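Asker: Below is the file entry_17.tsv, with TSV, C-alpha atoms.
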chain	number	residue	atom	x	y	z
A	1	MET	CA	0.00	0.00	0.00
A	2	LYS	CA	1.79	3.08	-1.28
A	3	THR	CA	-0.76	5.60	-2.54
A	4	GLU	CA	-2.82	8.10	-0.58
A	5	ASP	CA	-6.14	6.97	-2.04
A	6	ILE	CA	-5.54	3.44	-0.70
A	7	LEU	CA	-3.80	4.31	2.56
A	8	LYS	CA	-5.95	7.19	3.77
A	9	PRO	CA	-9.29	5.36	4.30
A	10	VAL	CA	-7.49	2.38	5.88
A	11	LEU	CA	-5.38	4.48	8.24
A	12	GLU	CA	-8.27	6.71	9.24
A	13	GLN	CA	-10.43	3.67	10.00
A	14	ALA	CA	-7.59	2.08	11.98
A	15	ILE	CA	-7.17	5.16	14.19
A	16	ARG	CA	-10.92	5.38	14.79
A	17	ASP	CA	-10.95	1.68	15.75
A	18	GLY	CA	-8.22	2.20	18.33
A	19	TYR	CA	-5.06	1.18	16.49
A	20	ARG	CA	-2.09	3.08	17.90
A	21	LEU	CA	0.95	1.40	16.28
A	22	ILE	CA	2.08	2.20	12.72
A	23	ASP	CA	4.77	-0.05	11.21
A	24	SER	CA	6.63	1.11	8.10
A	25	ALA	CA	10.03	0.92	6.39
A	26	THR	CA	11.96	2.73	3.70
A	27	VAL	CA	11.60	-0.26	1.36
A	28	TYR	CA	7.79	-0.04	1.60
A	29	LYS	CA	8.01	3.31	-0.22
A	30	ASN	CA	5.12	4.82	1.73
A	31	GLU	CA	6.77	6.86	4.48
A	32	GLN	CA	6.05	10.25	2.91
A	33	VAL	CA	2.37	9.56	2.24
A	34	LEU	CA	1.96	8.00	5.71
A	35	GLY	CA	3.46	11.12	7.26
A	36	LYS	CA	1.10	13.33	5.29
A	37	ILE	CA	-1.99	11.36	6.34
A	38	LEU	CA	-0.89	11.15	9.97
A	39	ASN	CA	-0.34	14.90	10.17
A	40	GLN	CA	-3.83	15.45	8.75
A	41	ILE	CA	-5.19	13.13	11.45
A	42	PHE	CA	-3.24	14.92	14.20
A	43	ASN	CA	-4.75	18.22	13.03
A	44	ASP	CA	-8.30	16.85	12.87
A	45	SER	CA	-9.88	17.02	16.33
A	46	SER	CA	-12.52	14.44	15.38
A	47	PHE	CA	-9.88	11.69	15.68
A	48	GLY	CA	-8.90	12.76	19.20
A	49	VAL	CA	-5.24	11.78	18.82
A	50	GLN	CA	-1.94	13.65	18.82
A	51	ARG	CA	1.59	12.61	17.85
A	52	LYS	CA	2.32	11.39	21.38
A	53	ASP	CA	-0.60	8.95	21.18
A	54	ILE	CA	0.73	7.05	18.14
A	55	PHE	CA	3.66	4.61	18.26
A	56	ILE	CA	5.47	4.87	14.90
A	57	THR	CA	8.04	2.32	13.72
A	58	SER	CA	10.27	2.42	10.65
A	59	LYS	CA	13.42	0.73	9.36
A	60	LEU	CA	16.66	1.45	7.44
A	61	SER	CA	17.73	5.14	7.34
A	62	VAL	CA	16.57	7.16	10.36
A	63	ASN	CA	17.26	10.76	9.32
A	64	ASP	CA	15.87	10.27	5.81
A	65	SER	CA	12.81	8.51	7.22
A	66	LEU	CA	12.16	11.29	9.75
A	67	GLU	CA	12.27	13.84	6.95
A	68	ARG	CA	9.87	11.83	4.78
A	69	PHE	CA	7.45	11.35	7.68
A	70	GLY	CA	7.79	14.97	8.78
A	71	LEU	CA	8.54	13.84	12.35
A	72	GLU	CA	11.04	14.82	15.04
A	73	TYR	CA	11.45	11.29	16.43
A	74	PHE	CA	10.45	7.66	15.95
A	75	ASP	CA	9.06	5.55	18.75
A	76	LEU	CA	10.89	2.50	17.40
A	77	TYR	CA	13.51	1.96	14.74
A	78	LEU	CA	14.61	-1.48	13.57
A	79	ILE	CA	17.40	-2.99	11.52
A	80	HIS	CA	15.21	-4.63	8.90
A	81	TRP	CA	17.42	-7.54	7.80
A	82	PRO	CA	20.63	-9.21	9.06
A	83	GLY	CA	22.17	-9.34	5.60
A	84	THR	CA	23.68	-6.73	3.28
A	85	ALA	CA	22.29	-5.95	-0.18
A	86	LYS	CA	24.33	-7.41	-3.05
A	87	LYS	CA	26.57	-9.43	-0.69
A	88	LYS	CA	26.71	-13.22	-0.53
A	89	LEU	CA	24.87	-14.80	2.38
A	90	ASN	CA	28.09	-16.30	3.77
A	91	ASP	CA	30.14	-13.11	3.52
A	92	PRO	CA	31.49	-12.05	6.99
A	93	ILE	CA	30.83	-8.43	6.00
A	94	ASN	CA	27.18	-9.10	6.89
A	95	GLN	CA	28.08	-9.39	10.57
A	96	GLU	CA	30.33	-6.34	10.45
A	97	ASN	CA	27.66	-4.23	8.75
A	98	ARG	CA	24.99	-5.36	11.21
A	99	MET	CA	27.07	-4.20	14.14
A	100	GLY	CA	27.89	-0.91	12.44
A	101	SER	CA	24.21	-0.26	11.81
A	102	TYR	CA	23.26	-1.13	15.36
A	103	ARG	CA	25.93	1.15	16.84
A	104	ALA	CA	24.46	3.94	14.73
A	105	LEU	CA	21.02	3.14	16.20
A	106	GLU	CA	22.49	3.28	19.71
A	107	THR	CA	23.83	6.76	18.97
A	108	LEU	CA	20.48	7.92	17.58
A	109	TYR	CA	18.76	6.51	20.67
A	110	GLN	CA	21.10	8.49	22.90
A	111	GLN	CA	20.36	11.60	20.81
A	112	GLY	CA	16.62	11.12	21.30
A	113	LYS	CA	15.81	10.68	17.61
A	114	VAL	CA	14.50	7.19	18.34
A	115	ARG	CA	12.91	6.17	21.63
A	116	HIS	CA	13.36	2.42	21.23
A	117	ILE	CA	15.66	0.38	18.98
A	118	GLY	CA	15.57	-3.18	17.79
A	119	VAL	CA	16.08	-5.71	15.05
A	120	SER	CA	14.02	-7.72	12.59
A	121	ASN	CA	14.49	-11.18	11.07
A	122	TYR	CA	17.49	-12.07	13.25
A	123	THR	CA	18.26	-15.71	14.01
A	124	VAL	CA	19.50	-16.83	17.44
A	125	LYS	CA	23.06	-16.67	16.10
A	126	HIS	CA	22.63	-13.08	14.94
A	127	LEU	CA	20.91	-12.02	18.15
A	128	GLU	CA	23.44	-13.69	20.46
A	129	HIS	CA	26.32	-11.95	18.67
A	130	LEU	CA	24.55	-8.61	18.92
A	131	ILE	CA	23.80	-9.00	22.62
A	132	GLU	CA	27.42	-9.91	23.29
A	133	HIS	CA	28.75	-6.75	21.61
A	134	CYS	CA	26.08	-4.05	22.02
A	135	LYS	CA	25.76	-1.36	24.68
A	136	ILE	CA	21.96	-1.28	24.59
A	137	ILE	CA	20.02	-4.54	24.49
A	138	PRO	CA	17.43	-4.40	21.69
A	139	HIS	CA	14.02	-3.36	22.97
A	140	VAL	CA	12.16	-5.24	20.22
A	141	HIS	CA	12.72	-8.18	17.89
A	142	GLN	CA	10.30	-8.40	14.95
A	143	PHE	CA	10.14	-11.69	13.06
A	144	GLU	CA	7.76	-14.08	11.31
A	145	LEU	CA	5.66	-15.81	13.94
A	146	HIS	CA	2.44	-17.79	13.63
A	147	PRO	CA	1.15	-21.29	14.48
A	148	ARG	CA	3.08	-22.81	11.56
A	149	LEU	CA	6.38	-21.15	12.54
A	150	VAL	CA	7.16	-20.99	16.26
A	151	GLN	CA	10.92	-20.50	16.69
A	152	GLN	CA	11.20	-21.47	20.34
A	153	ASP	CA	14.93	-20.82	20.56
A	154	ILE	CA	14.39	-17.18	19.55
A	155	LEU	CA	11.44	-16.85	21.93
A	156	ASN	CA	13.56	-18.18	24.79
A	157	LEU	CA	16.45	-15.81	24.04
A	158	CYS	CA	14.13	-12.81	23.88
A	159	ALA	CA	12.54	-13.82	27.18
A	160	LYS	CA	15.96	-14.16	28.81
A	161	TYR	CA	16.95	-10.60	27.88
A	162	GLN	CA	13.44	-9.09	28.17
A	163	ILE	CA	13.27	-8.25	24.47
A	164	GLN	CA	9.71	-7.55	23.36
A	165	ILE	CA	8.57	-9.91	20.61
A	166	GLN	CA	6.71	-8.42	17.66
A	167	ALA	CA	5.12	-10.92	15.28
A	168	TYR	CA	4.71	-10.25	11.59
A	169	SER	CA	2.91	-12.35	8.99
A	170	SER	CA	0.51	-13.53	11.70
A	171	LEU	CA	-1.81	-14.82	8.98
A	172	GLY	CA	0.96	-16.53	7.00
A	173	GLU	CA	0.56	-14.12	4.08
A	174	GLY	CA	-3.11	-15.14	4.06
A	175	LYS	CA	-2.41	-18.84	3.60
A	176	LEU	CA	-3.28	-19.72	7.19
A	177	LEU	CA	-6.82	-18.47	6.66
A	178	THR	CA	-7.53	-21.72	4.78
A	179	ASP	CA	-5.26	-24.02	6.81
A	180	LYS	CA	-7.38	-27.07	7.74
A	181	SER	CA	-5.71	-27.63	11.11
A	182	ILE	CA	-6.45	-24.05	12.10
A	183	LEU	CA	-9.96	-24.08	10.65
A	184	ASP	CA	-10.77	-27.14	12.79
A	185	ILE	CA	-10.03	-25.01	15.86
A	186	VAL	CA	-11.71	-21.87	14.56
A	187	LYS	CA	-15.03	-23.59	13.86
A	188	LYS	CA	-15.51	-23.89	17.62
A	189	GLU	CA	-15.26	-20.10	17.89
A	190	LYS	CA	-17.71	-17.35	16.96
A	191	ASN	CA	-14.78	-15.30	15.66
A	192	ASP	CA	-13.16	-15.54	12.24
A	193	THR	CA	-9.81	-17.13	11.43
A	194	ALA	CA	-7.83	-13.89	11.26
A	195	GLN	CA	-9.14	-12.83	14.66
A	196	VAL	CA	-8.23	-16.19	16.21
A	197	LEU	CA	-4.69	-16.09	14.79
A	198	LEU	CA	-4.13	-12.57	16.09
A	199	ARG	CA	-5.66	-13.41	19.45
A	200	TRP	CA	-3.35	-16.45	19.80
A	201	ALA	CA	-0.32	-14.15	19.50
A	202	ILE	CA	-1.75	-11.54	21.85
A	203	GLN	CA	-2.40	-14.15	24.55
A	204	HIS	CA	1.29	-15.03	24.30
A	205	ASN	CA	2.05	-11.34	24.99
A	206	TRP	CA	3.47	-10.79	21.51
A	207	ILE	CA	2.78	-7.56	19.64
A	208	VAL	CA	0.96	-8.05	16.33
A	209	ILE	CA	1.00	-5.76	13.30
A	210	PRO	CA	-1.83	-6.92	11.01
A	211	LYS	CA	-2.17	-5.16	7.68
A	212	SER	CA	-5.07	-4.80	5.27
A	213	SER	CA	-6.18	-2.53	2.44
A	214	ASN	CA	-9.81	-3.11	3.46
A	215	PRO	CA	-11.22	-0.72	6.12
A	216	ASP	CA	-13.84	-3.32	7.13
A	217	ARG	CA	-11.12	-5.91	7.75
A	218	VAL	CA	-9.18	-3.34	9.79
A	219	SER	CA	-12.26	-2.91	12.00
A	220	SER	CA	-12.74	-6.66	12.29
A	221	ASN	CA	-9.14	-7.22	13.36
A	222	ALA	CA	-9.55	-4.60	16.08
A	223	LYS	CA	-12.11	-6.86	17.81
A	224	VAL	CA	-9.40	-9.29	18.95
A	225	LEU	CA	-9.43	-7.64	22.37
A	226	SER	CA	-13.08	-8.54	22.91
A	227	PHE	CA	-12.63	-12.30	23.42
A	228	GLU	CA	-10.20	-14.92	24.72
A	229	LEU	CA	-9.17	-18.34	23.47
A	230	SER	CA	-9.52	-21.24	25.86
A	231	GLU	CA	-6.50	-23.04	27.27
A	232	GLU	CA	-7.35	-26.02	25.08
A	233	GLU	CA	-7.52	-23.87	21.94
A	234	MET	CA	-4.20	-22.21	22.79
A	235	THR	CA	-2.55	-25.60	23.26
A	236	GLN	CA	-3.93	-26.87	19.95
A	237	LEU	CA	-2.61	-23.83	18.11
A	238	ASP	CA	0.71	-24.09	19.94
A	239	THR	CA	1.31	-27.63	18.67
A	240	ILE	CA	0.46	-27.17	14.97
A	241	HIS	CA	4.05	-26.25	14.01
A	242	LYS	CA	5.35	-29.51	15.51
A	243	ILE	CA	3.47	-31.45	12.84
A	244	ASP	CA	4.29	-29.21	9.88
A	245	THR	CA	6.50	-26.11	10.04
A	246	GLN	CA	6.09	-23.55	7.27
A	247	ARG	CA	7.84	-20.26	6.59
A	248	PHE	CA	6.02	-17.87	4.27
A	249	CYS	CA	8.43	-14.91	4.22
A	250	TRP	CA	12.18	-14.29	4.09
A	251	ASP	CA	14.55	-16.92	5.51
A	252	PRO	CA	17.64	-15.40	7.22
A	253	THR	CA	19.03	-18.76	8.36
A	254	GLU	CA	22.05	-18.88	6.04
A	255	ILE	CA	23.21	-15.28	6.56
A	256	TYR	CA	26.64	-15.03	8.21
Give the structure from the file, written as structure tokens.
Answerer:
Amino acid sequence: MKTEDILKPVLEQAIRDGYRLIDSATVYKNEQVLGKILNQIFNDSSFGVQRKDIFITSKLSVNDSLERFGLEYFDLYLIHWPGTAKKKLNDPINQENRMGSYRALETLYQQGKVRHIGVSNYTVKHLEHLIEHCKIIPHVHQFELHPRLVQQDILNLCAKYQIQIQAYSSLGEGKLLTDKSILDIVKKEKNDTAQVLLRWAIQHNWIVIPKSSNPDRVSSNAKVLSFELSEEEMTQLDTIHKIDTQRFCWDPTEIY
């Protein structure tokens, strides 16, 4: 979603439905239009929100992103990927560049340009190396996480260092909406599949960042706070990945 005509109705509906976290990145090519729409919302008293009420995340180049958004600070900034563009996966420069980027984030954090810093798509190996060499433990780790991909080793490491987990691709790029194992659980619920998948993550205390170009779907997803899954349903969803693990997005496993 890159254009104002698509983003504006979705973002306005999201704010009215209570969404308060906006996740973006330079590579999404929508920072400037997001900034424009957000500033219109901040200046419209009917929304009842100000800049301080919205938690805004972006990734890649902080100063350029701030300028495109028209903001003075980000609430969270992440290193989007553990690898380096146009470098081989096994090139040691990947590790060197990751550390250089993170040290730059630490400096920006100390300068107040970002209020929290973190990483995205890191494996345990990447995260352990970072923790060993950084001054500021990442506040957030964002990675693919859903009932078909539960990376327990990463979850354990984040818990050990009190790193907040943020799940992306909670719906498996839409493929989990027709997953038979999940549908068998959902049919016991009055809520739809997307709501159940999001609620599963929330009950694990993971942040979710659902996306949709449909304002009605945005409103539907916001209802995940109105119900709870039973212990039995949580256990059933927890065990699905043990039968068949599936990754739907990028795989950082082989990156040095």
Asker: Around (-13.1, -7.3, 14.3) in the file's frame, which residues reach within 12 Å when counting all atoms listed in the file? Return as a PyMOL selection string?
Answerer: chain A and resi 14+17-19+190-196+198-199+210+215-227
Asker: For the atom pair atom CA of A:Lys211 and atom CA of A:Ser230, what is the interatomic distance in Å to one decimal place?
Answerer: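 Here the two named atoms are 25.4 Å from each other.
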Asker: Determine, for each residue of stretch 123-145 of chain A having at least one atom at most 12 Å from an atom of stretch 70-80 of chain A, the closest pair of atoms and their separation in Å to one decimal, counting all atoms listed in the file; order by chain and ascending number, as a Markdown table.
Answerer:
| residue | atom | partner | partner_atom | distance |
| --- | --- | --- | --- | --- |
| A:His126 | CA | A:Ile79 | CA | 11.9 |
| A:Leu127 | CA | A:Ile79 | CA | 11.7 |
| A:Leu130 | CA | A:Ile79 | CA | 11.7 |
| A:Pro138 | CA | A:Leu78 | CA | 9.1 |
| A:His139 | CA | A:Leu76 | CA | 8.7 |
| A:Val140 | CA | A:Leu78 | CA | 8.0 |
| A:His141 | CA | A:Leu78 | CA | 8.2 |
| A:Gln142 | CA | A:Leu78 | CA | 8.3 |
| A:Phe143 | CA | A:His80 | CA | 9.6 |
Asker: Between atom CA of A:Lys2 and atom CA of A:Gly35, what is the distance in Å, rounded to a tenth?
Answerer: 11.8 Å
Asker: Set the distance at 8 Å and use all atoms listed in the file: which residues neighbour A:Val33 once local chain neighbours fewer than 2 positions away are removed? I'd like the list as number ranges by chain.
Answerer: A: 2-4, 30-31, 35-37, 69
Asker: Using Å and a single decimal, report how far atom CA of A:Ile22 sits from atom CA of A:Arg103.
Answerer: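 Separation of atom CA of A:Arg103 and atom CA of A:Ile22: 24.2 Å.
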Asker: Just the residues within 10 Å of A:Tyr28, please, counting all atoms listed in the file, with nothing from its chain fewer than 5 positions along; format it as a PyMOL selection string.
Answerer: chain A and resi 1-2+58-59
